[in-house]
Each structure stands twice: as structure tokens, then as C-alpha cells.
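**Q** This is the content of my_file.csv (CSV, C-alpha atoms):
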chain,number,residue,atom,x,y,z
B,11,MET,CA,-20.3,18.6,27.0
B,12,ASP,CA,-20.3,20.5,23.7
B,13,ALA,CA,-23.2,19.2,21.7
B,14,ARG,CA,-23.2,21.4,18.6
B,15,SER,CA,-24.5,19.4,15.6
B,16,SER,CA,-22.2,18.2,12.8
B,17,ALA,CA,-21.7,20.0,9.6
B,18,GLY,CA,-22.8,17.1,7.4
B,19,GLU,CA,-23.9,13.5,7.1
B,20,PRO,CA,-21.5,10.5,6.7
B,21,ARG,CA,-20.5,10.2,3.1
B,22,VAL,CA,-18.3,8.3,0.8
B,23,LEU,CA,-16.3,10.4,-1.7
B,24,ILE,CA,-15.6,8.8,-5.0
B,25,SER,CA,-12.7,10.3,-7.0
B,26,ARG,CA,-13.2,10.4,-10.7
B,27,GLU,CA,-9.5,11.2,-11.2
B,28,ALA,CA,-8.4,8.1,-9.2
B,29,LEU,CA,-10.9,5.9,-11.1
B,30,LEU,CA,-9.6,7.0,-14.5
B,31,ASN,CA,-6.0,6.7,-13.3
B,32,ASN,CA,-6.6,3.1,-12.4
B,33,ALA,CA,-8.3,2.5,-15.8
B,34,ARG,CA,-5.2,3.9,-17.5
B,35,VAL,CA,-2.9,1.7,-15.3
B,36,LEU,CA,-4.9,-1.4,-16.3
B,37,ARG,CA,-4.8,-0.5,-20.0
B,38,GLN,CA,-1.0,-0.1,-19.9
B,39,ALA,CA,-0.8,-3.5,-18.2
B,40,VAL,CA,-2.7,-5.3,-20.9
B,41,GLY,CA,-1.7,-3.4,-24.0
B,42,PRO,CA,-3.8,-1.9,-26.9
B,43,LYS,CA,-5.0,-5.2,-28.3
B,44,VAL,CA,-6.8,-6.4,-25.2
B,45,SER,CA,-10.3,-5.1,-24.3
B,46,VAL,CA,-11.0,-4.0,-20.7
B,47,CYS,CA,-14.4,-4.9,-19.1
B,48,ALA,CA,-14.9,-3.0,-15.9
B,49,VAL,CA,-16.6,-5.1,-13.2
B,50,ILE,CA,-19.1,-2.9,-11.4
B,51,LYS,CA,-21.2,-5.6,-9.7
B,52,ALA,CA,-22.3,-5.1,-6.1
B,53,ASP,CA,-22.9,-1.4,-6.7
B,54,ALA,CA,-19.3,-1.1,-8.0
B,55,TYR,CA,-17.9,-2.8,-4.9
B,56,GLY,CA,-19.7,-0.2,-2.8
B,57,HIS,CA,-18.5,2.8,-4.9
B,58,SER,CA,-21.9,3.5,-6.6
B,59,ALA,CA,-22.3,1.8,-9.9
B,60,ARG,CA,-24.1,4.9,-11.2
B,61,ILE,CA,-21.1,7.2,-10.5
B,62,VAL,CA,-18.5,4.6,-11.8
B,63,ALA,CA,-20.5,3.8,-15.0
B,64,ASP,CA,-21.0,7.5,-15.7
B,65,THR,CA,-17.3,8.2,-15.3
B,66,LEU,CA,-16.1,5.2,-17.3
B,67,CYS,CA,-18.7,5.7,-20.1
B,68,ASN,CA,-18.3,9.5,-20.5
B,69,TYR,CA,-14.5,10.1,-20.4
B,70,ILE,CA,-11.6,9.1,-22.6
B,71,LEU,CA,-8.1,8.6,-21.4
B,72,ASP,CA,-5.9,10.4,-23.9
B,73,GLU,CA,-5.7,12.6,-26.9
B,74,TRP,CA,-6.0,9.5,-29.2
B,75,GLY,CA,-9.5,8.8,-28.0
B,76,THR,CA,-8.8,5.7,-26.0
B,77,PRO,CA,-12.0,4.9,-24.0
B,78,ALA,CA,-11.6,4.3,-20.3
B,79,VAL,CA,-13.0,0.8,-20.7
B,80,ASN,CA,-14.7,-1.1,-23.5
B,81,SER,CA,-17.5,-2.7,-21.6
B,82,LEU,CA,-19.1,-3.2,-18.2
B,83,ALA,CA,-19.9,-6.3,-16.1
B,84,VAL,CA,-22.5,-6.7,-13.5
B,85,ALA,CA,-23.7,-9.7,-11.5
B,86,THR,CA,-27.4,-9.6,-12.3
B,87,ILE,CA,-29.9,-8.2,-14.7
B,88,ASP,CA,-31.3,-6.1,-11.9
B,89,GLU,CA,-27.9,-4.5,-11.5
B,90,ALA,CA,-27.8,-3.8,-15.2
B,91,LEU,CA,-31.3,-2.2,-15.1
B,92,ALA,CA,-30.1,0.1,-12.3
B,93,LEU,CA,-27.4,1.6,-14.4
B,94,PRO,CA,-28.0,5.1,-16.0
B,95,GLU,CA,-28.5,3.8,-19.6
B,96,PRO,CA,-24.9,2.7,-20.2
B,97,SER,CA,-23.5,3.5,-23.6
B,98,LEU,CA,-21.1,0.6,-23.4
B,99,PRO,CA,-21.9,-3.2,-23.8
B,100,VAL,CA,-23.0,-4.8,-20.6
B,101,MET,CA,-22.1,-8.4,-19.5
B,102,VAL,CA,-24.3,-10.2,-16.9
B,103,LEU,CA,-22.0,-12.6,-15.0
B,104,ARG,CA,-24.5,-14.6,-13.0
B,105,PRO,CA,-25.5,-17.7,-15.0
B,106,VAL,CA,-29.1,-17.7,-16.3
B,107,GLU,CA,-31.3,-20.6,-15.2
B,108,ASN,CA,-35.0,-21.3,-15.1
B,109,CYS,CA,-35.8,-18.5,-17.4
B,110,PHE,CA,-39.5,-19.1,-17.5
B,111,LEU,CA,-40.1,-18.9,-13.7
B,112,GLY,CA,-41.9,-15.8,-12.4
B,113,ARG,CA,-40.4,-12.4,-13.2
B,114,GLN,CA,-37.2,-14.0,-14.7
B,115,ARG,CA,-39.0,-14.1,-18.1
B,116,GLN,CA,-39.4,-10.3,-18.1
B,117,GLN,CA,-35.8,-9.8,-17.0
B,118,ILE,CA,-34.5,-12.0,-19.9
B,119,GLU,CA,-36.6,-10.0,-22.3
B,120,LEU,CA,-35.3,-6.7,-21.1
B,121,ALA,CA,-31.7,-8.1,-21.3
B,122,ILE,CA,-32.2,-9.3,-24.9
B,123,ARG,CA,-33.9,-6.0,-25.9
B,124,ASN,CA,-30.9,-4.0,-24.5
B,125,GLY,CA,-28.3,-6.3,-26.2
B,126,TRP,CA,-26.7,-7.4,-22.9
B,127,ILE,CA,-24.5,-10.5,-22.8
B,128,LEU,CA,-26.1,-13.3,-20.8
B,129,THR,CA,-24.0,-16.1,-19.2
B,130,VAL,CA,-25.1,-19.7,-19.6
B,131,CYS,CA,-23.7,-23.0,-18.1
B,132,SER,CA,-26.3,-25.5,-19.4
B,133,GLY,CA,-28.2,-26.5,-22.5
B,134,ALA,CA,-31.5,-26.0,-20.8
B,135,ALA,CA,-30.7,-22.3,-20.0
B,136,ALA,CA,-29.5,-21.8,-23.6
B,137,ASP,CA,-32.7,-23.3,-25.0
B,138,ASP,CA,-34.9,-21.1,-22.7
B,139,ILE,CA,-33.1,-17.9,-23.8
B,140,ALA,CA,-33.4,-19.0,-27.5
B,141,ARG,CA,-37.1,-19.5,-27.2
B,142,ILE,CA,-37.6,-16.1,-25.6
B,143,ALA,CA,-35.5,-14.4,-28.2
B,144,MET,CA,-37.3,-16.3,-31.0
B,145,GLN,CA,-40.7,-15.1,-29.7
B,146,MET,CA,-39.3,-11.6,-29.6
B,147,ASN,CA,-38.0,-11.9,-33.2
B,148,ALA,CA,-34.6,-11.0,-31.8
B,149,ARG,CA,-31.2,-12.5,-31.2
B,150,ALA,CA,-29.7,-12.8,-27.7
B,151,TYR,CA,-26.0,-12.5,-27.0
B,152,VAL,CA,-24.8,-15.3,-24.8
B,153,GLN,CA,-21.4,-16.5,-23.4
B,154,VAL,CA,-20.4,-19.8,-22.0
B,155,MET,CA,-18.8,-20.0,-18.5
B,156,VAL,CA,-16.5,-22.9,-18.1
B,157,ASP,CA,-15.6,-24.5,-14.8
B,158,THR,CA,-11.9,-25.0,-14.7
B,159,GLY,CA,-11.5,-25.7,-11.0
B,160,MET,CA,-13.4,-23.1,-9.0
B,161,SER,CA,-16.2,-25.7,-8.6
B,162,ARG,CA,-18.7,-22.9,-8.4
B,163,SER,CA,-20.5,-22.1,-11.6
B,164,GLY,CA,-19.7,-23.1,-15.2
B,165,VAL,CA,-20.2,-26.0,-17.5
B,166,PRO,CA,-17.8,-28.9,-16.9
B,167,GLU,CA,-15.0,-29.1,-19.4
B,168,GLY,CA,-16.2,-32.4,-20.7
B,169,GLN,CA,-19.6,-30.9,-21.6
B,170,PHE,CA,-18.3,-27.7,-23.1
B,171,ASP,CA,-18.2,-28.7,-26.8
B,172,GLU,CA,-21.8,-30.0,-26.7
B,173,LEU,CA,-23.1,-26.8,-25.1
B,174,ALA,CA,-21.1,-24.5,-27.5
B,175,SER,CA,-22.4,-26.4,-30.5
B,176,ARG,CA,-25.9,-26.3,-29.2
B,177,ILE,CA,-25.8,-22.5,-28.9
B,178,GLU,CA,-24.2,-22.1,-32.3
B,179,ARG,CA,-27.1,-24.0,-33.9
B,180,GLN,CA,-29.7,-21.8,-32.4
B,181,VAL,CA,-30.6,-19.1,-34.9
B,182,SER,CA,-31.9,-16.8,-32.2
B,183,LEU,CA,-28.7,-16.9,-30.2
B,184,ARG,CA,-25.4,-15.1,-31.0
B,185,LEU,CA,-22.4,-16.6,-29.3
B,186,PHE,CA,-20.3,-13.8,-27.9
B,187,GLY,CA,-17.6,-15.7,-26.1
B,188,PHE,CA,-16.2,-18.2,-23.6
B,189,ALA,CA,-15.1,-17.4,-20.1
B,190,THR,CA,-13.7,-18.9,-16.9
B,191,HIS,CA,-12.7,-17.5,-13.5
B,192,PHE,CA,-9.5,-18.0,-11.5
B,193,ALA,CA,-9.3,-19.0,-7.9
B,194,CYS,CA,-5.7,-18.0,-7.0
B,195,SER,CA,-4.6,-15.5,-9.6
B,196,GLU,CA,-3.4,-12.9,-7.1
B,197,GLU,CA,-0.5,-15.3,-6.2
B,198,GLU,CA,2.2,-15.0,-8.8
B,199,GLN,CA,3.8,-18.5,-8.1
B,200,ASP,CA,0.6,-20.5,-7.5
B,201,PRO,CA,0.5,-23.2,-10.1
B,202,PHE,CA,-3.3,-23.6,-10.1
B,203,THR,CA,-3.8,-20.5,-12.2
B,204,GLN,CA,-1.6,-21.9,-15.0
B,205,GLU,CA,-3.5,-25.2,-14.6
B,206,GLN,CA,-6.8,-23.4,-14.9
B,207,LEU,CA,-5.6,-21.5,-18.0
B,208,ASP,CA,-4.4,-24.7,-19.6
B,209,ARG,CA,-7.7,-26.4,-19.0
B,210,PHE,CA,-9.6,-23.4,-20.4
B,211,LEU,CA,-7.6,-23.2,-23.5
B,212,ALA,CA,-7.7,-27.0,-24.1
B,213,ALA,CA,-11.5,-26.9,-23.7
B,214,THR,CA,-12.1,-23.9,-25.9
B,215,ASP,CA,-9.4,-24.0,-28.6
B,216,PRO,CA,-11.1,-26.5,-30.9
B,217,ALA,CA,-14.5,-24.6,-30.8
B,218,THR,CA,-12.8,-21.3,-31.2
B,219,ALA,CA,-10.9,-22.5,-34.3
B,220,THR,CA,-14.0,-24.0,-35.8
B,221,LEU,CA,-16.1,-20.9,-35.3
B,222,LYS,CA,-13.3,-18.7,-36.7
B,223,GLU,CA,-13.4,-20.8,-39.9
B,224,LYS,CA,-17.1,-19.9,-40.2
B,225,GLY,CA,-16.3,-16.2,-39.8
B,226,ILE,CA,-17.4,-16.1,-36.2
B,227,ASN,CA,-14.9,-14.4,-33.8
B,228,ILE,CA,-15.2,-15.5,-30.2
B,229,VAL,CA,-14.1,-13.4,-27.3
B,230,ARG,CA,-12.3,-15.5,-24.7
B,231,HIS,CA,-11.7,-14.0,-21.2
B,232,CYS,CA,-10.5,-15.2,-17.8
B,233,ALA,CA,-8.3,-12.6,-16.2
B,234,ASN,CA,-9.5,-10.8,-13.1
B,235,SER,CA,-7.5,-8.1,-11.3
B,236,GLY,CA,-4.9,-10.5,-10.0
B,237,ALA,CA,-4.3,-12.0,-13.3
B,238,VAL,CA,-4.0,-8.7,-15.0
B,239,PHE,CA,-0.8,-7.9,-13.1
B,240,CYS,CA,0.5,-11.4,-12.2
B,241,TRP,CA,-0.4,-13.6,-15.1
B,242,PRO,CA,0.0,-11.7,-18.5
B,243,GLN,CA,-0.4,-15.0,-20.4
B,244,THR,CA,-4.1,-15.0,-19.3
B,245,HIS,CA,-5.0,-11.7,-20.9
B,246,LEU,CA,-6.3,-13.3,-24.1
B,247,ASP,CA,-9.0,-11.1,-25.8
B,248,LEU,CA,-10.5,-9.3,-22.8
B,249,VAL,CA,-9.8,-8.8,-19.1
B,250,ARG,CA,-12.3,-8.3,-16.2
B,251,PRO,CA,-10.7,-6.1,-13.5
B,252,GLY,CA,-12.7,-5.4,-10.4
B,253,LEU,CA,-10.8,-4.5,-7.3
B,254,ALA,CA,-7.8,-3.0,-9.1
B,255,LEU,CA,-10.2,-0.6,-10.9
B,256,TYR,CA,-11.0,0.9,-7.5
B,257,GLY,CA,-7.4,1.3,-6.6
B,258,ILE,CA,-6.8,-1.7,-4.3
B,259,ASP,CA,-4.1,-4.2,-4.8
B,260,PRO,CA,-5.8,-7.5,-5.6
B,261,GLY,CA,-3.5,-9.3,-3.2
B,262,GLY,CA,-5.1,-7.3,-0.3
B,263,ARG,CA,-1.7,-5.8,0.7
B,264,TYR,CA,-0.5,-2.3,-0.2
B,265,ASP,CA,2.2,-2.5,-2.9
B,266,PRO,CA,3.9,0.9,-3.4
B,267,GLY,CA,5.3,-0.3,-6.7
B,268,LEU,CA,1.8,-0.6,-8.2
B,269,PRO,CA,0.5,2.9,-9.2
B,270,LEU,CA,-3.1,2.3,-8.2
B,271,GLN,CA,-5.0,5.1,-6.4
B,272,PRO,CA,-7.8,4.2,-3.9
B,273,VAL,CA,-11.0,5.7,-5.3
B,274,MET,CA,-13.0,5.8,-2.1
B,275,LYS,CA,-12.7,8.0,1.0
B,276,TRP,CA,-15.2,7.6,3.8
B,277,THR,CA,-15.8,10.6,6.0
B,278,ALA,CA,-18.2,12.0,8.6
B,279,ASN,CA,-18.1,14.8,11.1
B,280,ILE,CA,-17.7,14.8,14.9
B,281,LEU,CA,-21.2,15.0,16.3
B,282,LEU,CA,-20.2,16.0,19.8
B,283,ILE,CA,-17.2,16.0,22.1
B,284,ARG,CA,-17.4,14.8,25.7
B,285,ASP,CA,-14.8,15.3,28.5
B,286,VAL,CA,-14.3,12.1,30.6
B,287,ARG,CA,-12.2,11.3,33.6
B,288,GLN,CA,-9.7,8.5,34.0
B,289,GLY,CA,-11.5,5.2,34.7
B,290,THR,CA,-14.7,6.1,32.8
B,291,GLY,CA,-16.1,3.2,30.9
B,292,VAL,CA,-17.3,3.6,27.3
B,293,GLY,CA,-19.9,1.8,25.3
B,294,TYR,CA,-21.7,-1.5,25.4
B,295,GLY,CA,-20.1,-4.0,27.7
B,296,GLN,CA,-17.8,-1.3,29.0
B,297,THR,CA,-14.9,-2.8,27.0
B,298,TRP,CA,-12.7,0.3,27.3
B,299,HIS,CA,-12.0,2.4,30.3
B,300,ALA,CA,-10.2,5.7,29.9
B,301,PRO,CA,-6.6,5.3,31.2
B,302,TYR,CA,-6.4,9.1,31.6
B,303,ASP,CA,-8.5,12.2,31.5
B,304,THR,CA,-9.4,12.7,27.9
B,305,ARG,CA,-11.9,13.9,25.3
B,306,LEU,CA,-14.1,11.6,23.3
B,307,GLY,CA,-15.6,12.4,20.0
B,308,LEU,CA,-18.9,10.9,18.8
B,309,VAL,CA,-18.9,9.8,15.1
B,310,PRO,CA,-22.3,9.0,13.6
B,311,VAL,CA,-21.4,5.7,11.9
B,312,GLY,CA,-21.7,2.1,13.2
B,313,TYR,CA,-22.1,-1.4,12.1
B,314,ALA,CA,-25.4,-0.7,10.4
B,315,ASP,CA,-23.3,1.5,8.0
B,316,GLY,CA,-20.8,-1.3,7.5
B,317,TYR,CA,-18.2,-0.1,10.0
B,318,LEU,CA,-17.7,-3.6,11.5
B,319,ARG,CA,-18.2,-4.3,15.2
B,320,SER,CA,-15.0,-6.4,15.1
B,321,LEU,CA,-13.0,-3.2,14.6
B,322,SER,CA,-13.9,-2.1,18.2
B,323,ASN,CA,-10.8,-1.0,20.2
B,324,LYS,CA,-8.5,-2.0,17.3
B,325,VAL,CA,-8.4,0.8,14.6
B,326,VAL,CA,-8.1,4.5,14.3
B,327,MET,CA,-9.9,7.3,12.4
B,328,MET,CA,-8.1,10.4,11.2
B,329,VAL,CA,-8.8,13.9,12.5
B,330,HIS,CA,-6.7,16.8,11.4
B,331,GLY,CA,-4.3,14.2,9.8
B,332,LYS,CA,-3.7,12.5,13.2
B,333,PRO,CA,-4.9,9.1,14.3
B,334,ALA,CA,-7.8,9.0,16.8
B,335,PRO,CA,-8.2,5.5,18.3
B,336,VAL,CA,-11.7,3.9,18.2
B,337,VAL,CA,-12.6,3.2,21.8
B,338,GLY,CA,-15.4,1.1,23.2
B,339,ARG,CA,-17.6,-1.1,21.1
B,340,VAL,CA,-18.7,0.0,17.7
B,341,SER,CA,-22.5,0.2,18.0
B,342,MET,CA,-25.2,0.2,15.4
B,343,ASP,CA,-25.2,3.9,14.6
B,344,MET,CA,-22.3,5.5,16.6
B,345,THR,CA,-18.6,5.1,17.3
B,346,MET,CA,-16.5,6.8,19.9
B,347,ILE,CA,-12.9,8.0,19.2
B,348,ASP,CA,-10.3,9.2,21.7
B,349,LEU,CA,-9.1,12.8,21.0
B,350,LYS,CA,-6.6,12.9,23.8
B,351,HIS,CA,-3.8,13.8,21.4
B,352,ILE,CA,-5.8,16.1,19.1
B,353,PRO,CA,-6.7,19.0,21.4
B,354,GLU,CA,-7.7,21.2,18.4
B,355,ALA,CA,-10.5,18.9,17.5
B,356,MET,CA,-14.0,20.5,17.6
B,357,PRO,CA,-17.6,19.3,17.0
B,358,GLY,CA,-18.3,19.5,13.3
B,359,ASP,CA,-14.7,18.7,12.3
B,360,GLU,CA,-14.3,16.2,9.5
B,361,VAL,CA,-13.3,12.6,10.4
B,362,THR,CA,-11.8,10.2,7.9
B,363,ILE,CA,-13.2,6.8,8.7
B,364,MET,CA,-11.5,5.1,5.8
B,365,ASP,CA,-8.7,6.9,4.1
B,366,ASP,CA,-7.9,7.0,0.3
B,367,ILE,CA,-4.2,7.2,1.2
B,368,PRO,CA,-3.1,3.5,0.8
B,369,ASP,CA,-0.5,3.5,3.7
B,370,SER,CA,-2.7,5.5,6.1
B,371,PRO,CA,-3.4,3.8,9.5
B,372,ALA,CA,-7.1,4.1,8.5
B,373,SER,CA,-6.7,2.6,5.0
B,374,VAL,CA,-8.9,-0.2,3.8
B,375,TYR,CA,-5.9,-2.5,4.0
B,376,GLU,CA,-5.6,-1.8,7.7
B,377,LEU,CA,-9.3,-2.1,8.4
B,378,ALA,CA,-9.4,-5.4,6.6
B,379,LYS,CA,-6.4,-6.7,8.5
B,380,GLN,CA,-7.9,-5.8,11.9
B,381,ALA,CA,-11.2,-7.3,11.0
B,382,ASP,CA,-9.6,-10.5,9.7
B,383,THR,CA,-11.2,-10.1,6.3
B,384,ILE,CA,-10.4,-8.8,2.8
B,385,PRO,CA,-10.7,-5.3,1.4
B,386,TYR,CA,-13.6,-6.5,-0.8
B,387,GLU,CA,-15.8,-7.1,2.2
B,388,ILE,CA,-15.0,-3.8,3.8
B,389,LEU,CA,-15.8,-1.9,0.5
B,390,CYS,CA,-19.0,-3.8,-0.3
B,391,GLY,CA,-20.3,-3.7,3.2
B,392,ILE,CA,-20.7,0.1,3.4
B,393,GLY,CA,-24.4,0.7,3.8
B,394,ASP,CA,-26.9,2.5,1.6
B,395,ARG,CA,-27.5,5.3,4.1
B,396,VAL,CA,-23.9,6.5,3.6
B,397,HIS,CA,-24.2,9.0,0.7
B,398,ARG,CA,-21.9,8.4,-2.3
B,399,ILE,CA,-20.6,11.6,-3.8
B,400,ALA,CA,-18.5,12.0,-6.9
B,401,VAL,CA,-15.7,14.4,-6.4
B,402,GLY,CA,-13.1,16.0,-8.7
B,403,GLU,CA,-13.6,16.8,-12.4
B,404,PRO,CA,-11.1,14.9,-14.5
B,405,VAL,CA,-8.9,17.0,-16.8
B,406,LEU,CA,-9.9,14.7,-19.6
B,407,GLN,CA,-12.1,15.1,-22.7
B,408,GLU,CA,-15.7,14.1,-22.2
B,409,VAL,CA,-17.2,11.8,-24.8
B,410,GLY,CA,-20.4,10.0,-25.4
B,411,ILE,CA,-19.4,6.5,-26.5
B,412,GLU,CA,-22.3,5.6,-28.7
B,413,GLY,CA,-23.5,2.1,-29.5
B,414,SER,CA,-23.8,-1.0,-27.4
B,415,ASP,CA,-23.1,-3.8,-29.9
B,416,PRO,CA,-20.8,-6.1,-28.0
B,417,SER,CA,-19.3,-7.6,-31.2
What would the structure in this file look like if it were written as C-alpha cells?
**A**
Amino acid sequence: MDARSSAGEPRVLISREALLNNARVLRQAVGPKVSVCAVIKADAYGHSARIVADTLCNYILDEWGTPAVNSLAVATIDEALALPEPSLPVMVLRPVENCFLGRQRQQIELAIRNGWILTVCSGAAADDIARIAMQMNARAYVQVMVDTGMSRSGVPEGQFDELASRIERQVSLRLFGFATHFACSEEEQDPFTQEQLDRFLAATDPATATLKEKGINIVRHCANSGAVFCWPQTHLDLVRPGLALYGIDPGGRYDPGLPLQPVMKWTANILLIRDVRQGTGVGYGQTWHAPYDTRLGLVPVGYADGYLRSLSNKVVMMVHGKPAPVVGRVSMDMTMIDLKHIPEAMPGDEVTIMDDIPDSPASVYELAKQADTIPYEILCGIGDRVHRIAVGEPVLQEVGIEGSDPS
């Protein structure tokens, strides 16, 4: 057994170039009149919200000064607080409720002080935010989420007018916009997306027109990644791409016609190599026995890092550009790979656990397929002990985009 230690810890490499390429693709898809709000919730889908926000806030896309994105969206106020003082407007997507309970009051105050856009679905929540803002001698930005069929969060369509009017009457609130969320937008022919759009427009058109007459311009938004590419009629004033920003087709299947570049590459190093004879069992439960004499490489990642146990004996990692099958059960901290056909492999060599080449046998698409899940879950599930590292310096002009007024 050769037990030399590895050259480095497991790490996720985040490509700034790929991220900005995808931002450019999204801008081209929606045109110059539509704003782009980058969804960076769940630590930017596992990509590190700090790295992603830094890249999107501090680079422009072209010589005309087009910003990579116009705003950022997170799930919670805590996620917004974790960002490195973003210079772009921030939208908090999780609806605010029970503002006066425990630490929620302090969170709301911080959000109002920072000018972040809070989402509401009820009159009680709007009233609570208004009281807090009034006591702070401030105005709070809010938007109304409308339930058009997801049956998840959002005010029912029949109650929308009452809530919008209630917010508009509150002097300590500033109504930013109206939003909804699609259930099936990654399917071009699914009629439910058009139905949701029709319901959203029918609910919000009258209030939008009335407010415009008063000189109040409302931002309406509903398009996620799928809708950006499949449903151009849904773009409206602003789009909220998430998965596509990170270079993954929102349909969960690699489409060579879509010029997105995966942003993430997950790597580690071979910790040690062991020679085993034919018939030797490997791992918990002895679920794999060597069908020949071979060499096994130990990779220091496991299901505690987000490399799913369900991938056992199904997928490959890449070593020297060649596939190395995962053999035996994935354990909490370690995974074994078969190096039979990679005789040049040595301890310390880099292993690609998840590739940034979309048609690689170790791509996120293939991992998701073999785990019977979706790319979202694979990306978001990579654990905190896997270091995120920004790589590549974009050949683009750096810029400090000042001001965080969402209007």
C-alpha cells in the first residue's frame, strides 16, 4: 500500500468566467429592457453566495457598461446578512410573517435599514412591517407574492387587490412590485405556465394601471430560469434566474444548443492507493467484489460532504481525464474508485468528483440521473467542509456598482 498523503483538501472551484458568461447569455435572452435579478439563495445553490455576489456586483459585461445583473435575491434575511455588503438591491423571497416574534423584529429592522425588498402575502405581515418602519422613521420596500397555482406561498388572487391597496395606503411602506412563481416553466408545451401567467396578469393589471396613474411604477416579475428560455412572454419587467446562472439547463438535461457553462467543478486528491486481488470485497456491506486484480484509490469525500450514498457502484470520478468507477458503498467521509484502467494514477493526483464539462460522465446531470434526483439537490447538498474557491480572473472591467435603491 502506498499511503502518501494527498496534495490538498476536497474543494469546489467556482469559475468567475463561466458565471459571467451565463449572465451574458441570460441578458441576451431577455433583452435590454428587462432587469435580471440573480437568485443566490441556499449559498448560491452551493456555489458560495459570497463568491457569486462579489463577481456579479463587481464586474460589467461589456464596453457599454452593462452590469452582470441588476439585483440579487436570497431566501431569508439571514442569507442577506451573510453577503459581503452587496452594492446591488437585495430581494428577500421568503414571505415575512409574525414580525414581532423573538429575533424576527431585529431582522426586519436590519432589512429596512439596508433597503432590502421584503415579500408579503398577508395584511397582517404588511401591517407589522409598517409599524416597525414607522417606529424607525423609515420606509420599507415590500413586494406582494401572488399564488397563481403553486399552492405554496402567496396571497390568493381574490385577495390581492385588498392587500395591494392596504400596502399602498401605508405611508411607511413603499410598494416595489408584484410577483408569482411558476410550477412547470421548464416545459415549453406545458399549458399550466400560460395559465399561471394569465392569472397573474389578470390579478395585477388593474392595480398596476391605477398605481401608474399615480406616478408609481410597479415591477412585475415571474420568470425563473425555465421561463427565461422557454416562455419569453413571461419576462415582463424583471426575471429571476437561478439554476441557469450557474450553467445548468433548467430542464435538468444537457442541451448542447444552450450556451451555458457549468460554474462548479468539485475536486479532491487521491489519498492512497491499495492493490487488491480478485474477489476482494470493498466497503460497508461488501456490496462490490473485485472481478479482477486491481488498484483502488481512496478519495476523501463521502455523504457527509454531499456525495450521496445512493451513488454507490453507479457513477464515476475522473482521473487523468479517464473515468474511474466508484466501487463499494459511499461512506460518510470516504469513497473508493477503481483505477484498473488508469495505471498512471498516483497518490496525490487530482480527482474530479463532479465535472464542469456538461457532457462528462461525471457531470451534475449524470450524478442527478443516477441518484434519481435533480441537479439542484446535488449542487445544494455539497457540504460546508468542502472549500469553495474562486478561480479565473475575468477579462472584464471591474466596477463598483454604487447605490442600493431598488426603484
**Q** Per residue of segment 143-221 of chain B within 10 Å of segment 116-126 of chain B, note the shortest atom pair and the distance in Å to one decimal, counting only C-alpha atoms, and order the rows by chain and increasing residue number, as a Markdown table.
**A**
| residue | atom | partner | partner_atom | distance |
| --- | --- | --- | --- | --- |
| B:Ala143 | CA | B:Ile122 | CA | 6.9 |
| B:Gln145 | CA | B:Glu119 | CA | 9.9 |
| B:Met146 | CA | B:Glu119 | CA | 7.9 |
| B:Ala148 | CA | B:Ile122 | CA | 7.5 |
| B:Arg149 | CA | B:Ile122 | CA | 7.1 |
| B:Ala150 | CA | B:Ile122 | CA | 5.1 |
| B:Tyr151 | CA | B:Trp126 | CA | 6.6 |
| B:Val152 | CA | B:Trp126 | CA | 8.3 |
| B:Leu183 | CA | B:Ile122 | CA | 9.9 |
**Q** Mind pulling up the distance from atom CA of Tyr313 of chain B to atom CA of Ile363 of chain B?
**A**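 Interatomic distance here is 12.6 Å.
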**Q** At a cut-off of 12 Å, using all atoms listed in the file, what residues contact Ala300 of chain B? Leave out same-chain residues fewer than 2 positions from it and give the result as number ranges by chain.
**A** B: 285-293, 296-298, 302-306, 323, 335-338, 346-350
**Q** Separation of atom CA of Pro20 of chain B and atom CA of Gly261 of chain B, in Å?
**A**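 Taking atom CA of Pro20 of chain B and atom CA of Gly261 of chain B, their separation equals 28.5 Å.
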**Q** Per residue of segment 142-219 of chain B within 12 Å of segment 248-255 of chain B, record the nearest atom pair and its distance in Å to one decimal, counting all atoms listed in the file, with rows in chain order and ascending residue number, as JSON lines.
**A**
{"residue": "B:Phe186", "atom": "CA", "partner": "B:Leu248", "partner_atom": "CA", "distance": 11.9}
{"residue": "B:Gly187", "atom": "CA", "partner": "B:Leu248", "partner_atom": "CA", "distance": 10.1}
{"residue": "B:Phe188", "atom": "CA", "partner": "B:Leu248", "partner_atom": "CA", "distance": 10.6}
{"residue": "B:Ala189", "atom": "CA", "partner": "B:Leu248", "partner_atom": "CA", "distance": 9.7}
{"residue": "B:Thr190", "atom": "CA", "partner": "B:Arg250", "partner_atom": "CA", "distance": 10.7}
{"residue": "B:His191", "atom": "CA", "partner": "B:Arg250", "partner_atom": "CA", "distance": 9.6}
{"residue": "B:Phe192", "atom": "CA", "partner": "B:Arg250", "partner_atom": "CA", "distance": 11.1}
{"residue": "B:Ser195", "atom": "CA", "partner": "B:Pro251", "partner_atom": "CA", "distance": 11.9}
{"residue": "B:Glu196", "atom": "CA", "partner": "B:Ala254", "partner_atom": "CA", "distance": 11.0}
**Q** Find the spatial neighbours of Lys332 of chain B, counting all atoms listed in the file, within a cut-off of 9 Å - ignore same-chain residues fewer than 5 positions away - and output them as a list in words.
**A**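 So, after excluding close chain neighbours, the residues are Met327, His351 and Ile352 of chain B.
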**Q** Would you pick out the contacts of Thr158 of chain B at 9 Å or less, using all atoms listed in the file, so that residues sharing its chain but fewer than 2 positions from it are not included, and give the list as a PyMOL selection string?
**A** chain B and resi 156+160-161+164-167+190-192+205-210
**Q** Using C-alpha atoms, can you write the selected residues to a file as an mmCIF file, in the frame of the given file?
**A**
data_model
loop_
_atom_site.group_PDB
_atom_site.id
_atom_site.type_symbol
_atom_site.label_atom_id
_atom_site.label_comp_id
_atom_site.auth_asym_id
_atom_site.auth_seq_id
_atom_site.Cartn_x
_atom_site.Cartn_y
_atom_site.Cartn_z
ATOM 1 C CA VAL B 156 -16.500 -22.900 -18.100
ATOM 2 C CA MET B 160 -13.400 -23.100 -9.000
ATOM 3 C CA SER B 161 -16.200 -25.700 -8.600
ATOM 4 C CA GLY B 164 -19.700 -23.100 -15.200
ATOM 5 C CA VAL B 165 -20.200 -26.000 -17.500
ATOM 6 C CA PRO B 166 -17.800 -28.900 -16.900
ATOM 7 C CA GLU B 167 -15.000 -29.100 -19.400
ATOM 8 C CA THR B 190 -13.700 -18.900 -16.900
ATOM 9 C CA HIS B 191 -12.700 -17.500 -13.500
ATOM 10 C CA PHE B 192 -9.500 -18.000 -11.500
ATOM 11 C CA GLU B 205 -3.500 -25.200 -14.600
ATOM 12 C CA GLN B 206 -6.800 -23.400 -14.900
ATOM 13 C CA LEU B 207 -5.600 -21.500 -18.000
ATOM 14 C CA ASP B 208 -4.400 -24.700 -19.600
ATOM 15 C CA ARG B 209 -7.700 -26.400 -19.000
ATOM 16 C CA PHE B 210 -9.600 -23.400 -20.400
#
**Q** Residues at most 8 Å from Gly56 of chain B, counting only C-alpha atoms, excluding those fewer than 5 positions away in the same chain, as a list of chain:residue names?
**A**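 Contacts, in chain order: B:Leu389, B:Cys390, B:Gly391, B:Ile392.
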